[in-house]
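Data block below; observations after.
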2 protein chains.
Amino acid sequence: MMLSLSACPRVAVALALGALLAGGPAHAQQLSEVQKPAEPLTLEQQGSFFVGGHPIDIEITEWEELGPDFAKAFGMPGKAMVDQMYVQFQKPPGSERHVPIVFLHGCCLTSKTWETTPDGRMGWYEYFTRKGFPTYLAEQSGRGRSGFNPTGFNEVREGKLPPAEQRRMLLATDKFAWLIFRFGPKFGEAWPDEQFPMDHVDQLYKQVVPDLILTEVASLGKQFGSPETDNPTVVNMATLAKELDGAILVGHSQTSPVPTQAALKQMPGIKGLIQLETGCFSNLTPDEVKVLARIPMLVVVGDHWDTPQPPPDCKKEMDEINGGGGDFTFISLPDLGMKGNSHMFMQDKNNLQVADVLIDWIDHHVEHKKN
Amino acid sequence: MMLSLSACPRVAVALALGALLAGGPAHAQQLSEVQKPAEPLTLEQQGSFFVGGHPIDIEITEWEELGPDFAKAFGMPGKAMVDQMYVQFQKPPGSERHVPIVFLHGCCLTSKTWETTPDGRMGWYEYFTRKGFPTYLAEQSGRGRSGFNPTGFNEVREGKLPPAEQRRMLLATDKFAWLIFRFGPKFGEAWPDEQFPMDHVDQLYKQVVPDLILTEVASLGKQFGSPETDNPTVVNMATLAKELDGAILVGHSQTSPVPTQAALKQMPGIKGLIQLETGCFSNLTPDEVKVLARIPMLVVVGDHWDTPQPPPDCKKEMDEINGGGGDFTFISLPDLGMKGNSHMFMQDKNNLQVADVLIDWIDHHVEHKKN
């Protein structure tokens, strides 16, 4: 599979936005910029819970920080939970008419991805709820409120493990985000038609967290490239669909392959797969193609890719699955006349218009409404 | 200040609950146990945003993980945001009649603290919203969706910093939680009148995350003991109260001193301080007492402390502040006839009854309603 992170520049006139980079004055007013919707939102239910998780042994707890007496009383070895996945949700009245939808964020981010946009507009979490869906945000195991497996870090600190064995923390800088999220042809220059709210890009940088996925999987490349995986997030997503008795799974960027990987766990409950930027596999076995041909699949990409869309891996998978009686749709937003969308189109200025593309697909391919 | 984490056992008949420890069967059904409220919840607004944050330089990004070409294209040094504080909120219609309330979680936890309880009941986030308050959950800088300052970890991995200089990760095991949260006289035994839902204690363990507060403050003991602090969470909380143009700040356990510390920043907007388990200072200067005497303060503690309540530091502070014309209230829940509450009383079986104690205090001391 081609890594879906590729974002090399193509030639374009670019708008200089250097004055708006991190450290500029814009970020002082974030609360006051959060916009109030025209109509109230009524919820039948809201809440949060965990999926998965299991206890491991913890030897070094570091409570010497509060002195030897405290460490002796409370810092003894014990067990801690790892690999659990935190999920928040909300359901509007009448949501039983829709298939629940579960959103999973990408690299170096948390479920904040789907909430209020960097410039204070409504995110997809609220929008899908207002559109009637039981809406779930799953936080990757190893990230944010899901916690992470701390094995090794304190051992390195205490000289009990070689430093080179400590898991890498993947850090997304401003430059990384600018290029990977396709804000412009080079750092500090935005595409003239860029849909991301670049005057609030510093607020996006605040969403970025150190990425500890290497505490959950042995190799990020393998996680991207392998239809079969032991990534705890994948089995947790499959388990959630089963516990929901039916769900559409949505992945983005780093987790774009996760819906497919979850489907290949062959647990009941997955009613649709939506993969954003991108998550295709060109290395499926015939048996895997058969499994995937039973579930409607949608891949959506934005603008300013340096290669034609769909890319070869998506084209091959689409042909295999549709050739096997499946229902695989690839949508490049520019082909629908939507220009300038970034890798983060759930936060772009036309984010609700992009959401409607997903909802239209759900209507016709998952919920089978008539045109 | 006495550390508010003390939880030594006192003599009591204890109920053996060993079968319900982490790894037991109860945690398979968490989603299905989330309870639906009797009435829908109507929100005028919901969303999330950040307070504070500033860019730092990142030299090592670790994108060699995806190969040298990827690292060369995207892994160059750059800037990343640190010390920001993630805040989620919801407001019911008519909430302008109430002072906004901001909840800040404690050690080794995230804002999940205030959401659905481990056994699927309504948490304080929804309850205060239903009671009419604009309700905010702040996630400590350095925790969960706020991210953390990664300085040092990768440098240690790459041999550029001695391991001993890596920040400690404070790890709360099952034993730590059992004793610190006062579930019982010793690990595996609960108090006979324990109010925490002990049959779902494994779900609490899933809320526990590695605590990286030492990436934000140089010393946890000093953070507990010093009225003045440079903890980014403290100035972020003070800033939030200012941006809200008035707020009640609530801290718990590790952050129980934060409301007072934020008030001592002397920014406008803090209308009330609520400190849960405990957060008192016995080392205030006369000038600090004067500042605090202008703001109503409430300290609430649960049951099963091994020392008389209020403890000496709270007694001294209360006398100083009330002697200086202030309004300091100390409530020990057992004195109100509420027995068996743990350190986590926002999740205890009588959690909404405890919330009503806070609301009654707000009514009379902050919003000045008549009795």
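Residue numbers start at 1 in each chain; chains themselves are named A, B, ... in the order of the structure tokens; ligands are numbered from 1 in the order shown.
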As JSON, numbers by chain, which residues of range 188-327 of chain B does DSSP assign to helix (DSSP H, G or I)? {"B": [198, 199, 200, 201, 202, 203, 204, 205, 206, 207, 213, 214, 215, 220, 221, 222, 223, 224, 225, 232, 233, 234, 235, 236, 237, 238, 239, 240, 241, 242, 243, 253, 254, 255, 258, 259, 260, 261, 262, 263, 286, 287, 288, 289, 290, 291, 292, 312, 313, 314, 315, 316, 317, 318, 319, 320, 321, 322, 323]}
Do you know which residues are at most 12 Å from Thr329 in chain A counting only C-alpha atoms, after dropping those on the same chain fewer than 5 positions away, and could you put them as a PyMOL selection string? chain A and resi 272-276+280+293+295-301+310+314-315+317-319+321-322+357-358+361-362+364-365
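Between Gly52 in chain B and the residues B:Ile180, B:Leu352, B:Leu333, B:Met81, the shortest atom-to-atom distance, using only C-alpha atoms, involves B:Met81.
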Interface list for chain A, partner chain B, 7 Å threshold, only C-alpha atoms, as JSON, numbers by chain: {"A": [22, 23, 30, 31, 36, 37, 40, 41, 42, 43, 44, 45, 47, 48, 49, 50, 54, 55, 61, 62, 63, 66, 74, 75, 78, 79, 80, 81, 84, 110, 115, 116, 144, 145, 147, 148, 150, 154, 156, 157, 158, 159, 163, 164, 166, 168, 169, 170, 171, 173, 174, 175, 176, 205, 206, 208, 209, 210, 221]}
Could you write out, as a list in words, all the residues of range 159-337 of chain B that DSSP marks as strand (DSSP E)? Glu189, Ala190, Ala247, Ile248, Leu249, Val250, Gly251, His252, Ile270, Lys271, Gly272, Leu273, Ile274, Gln275, Leu276, Met297, Leu298, Val299, Val300, Val301, Phe328, Thr329, Phe330, Ile331 and Ser332 of chain B
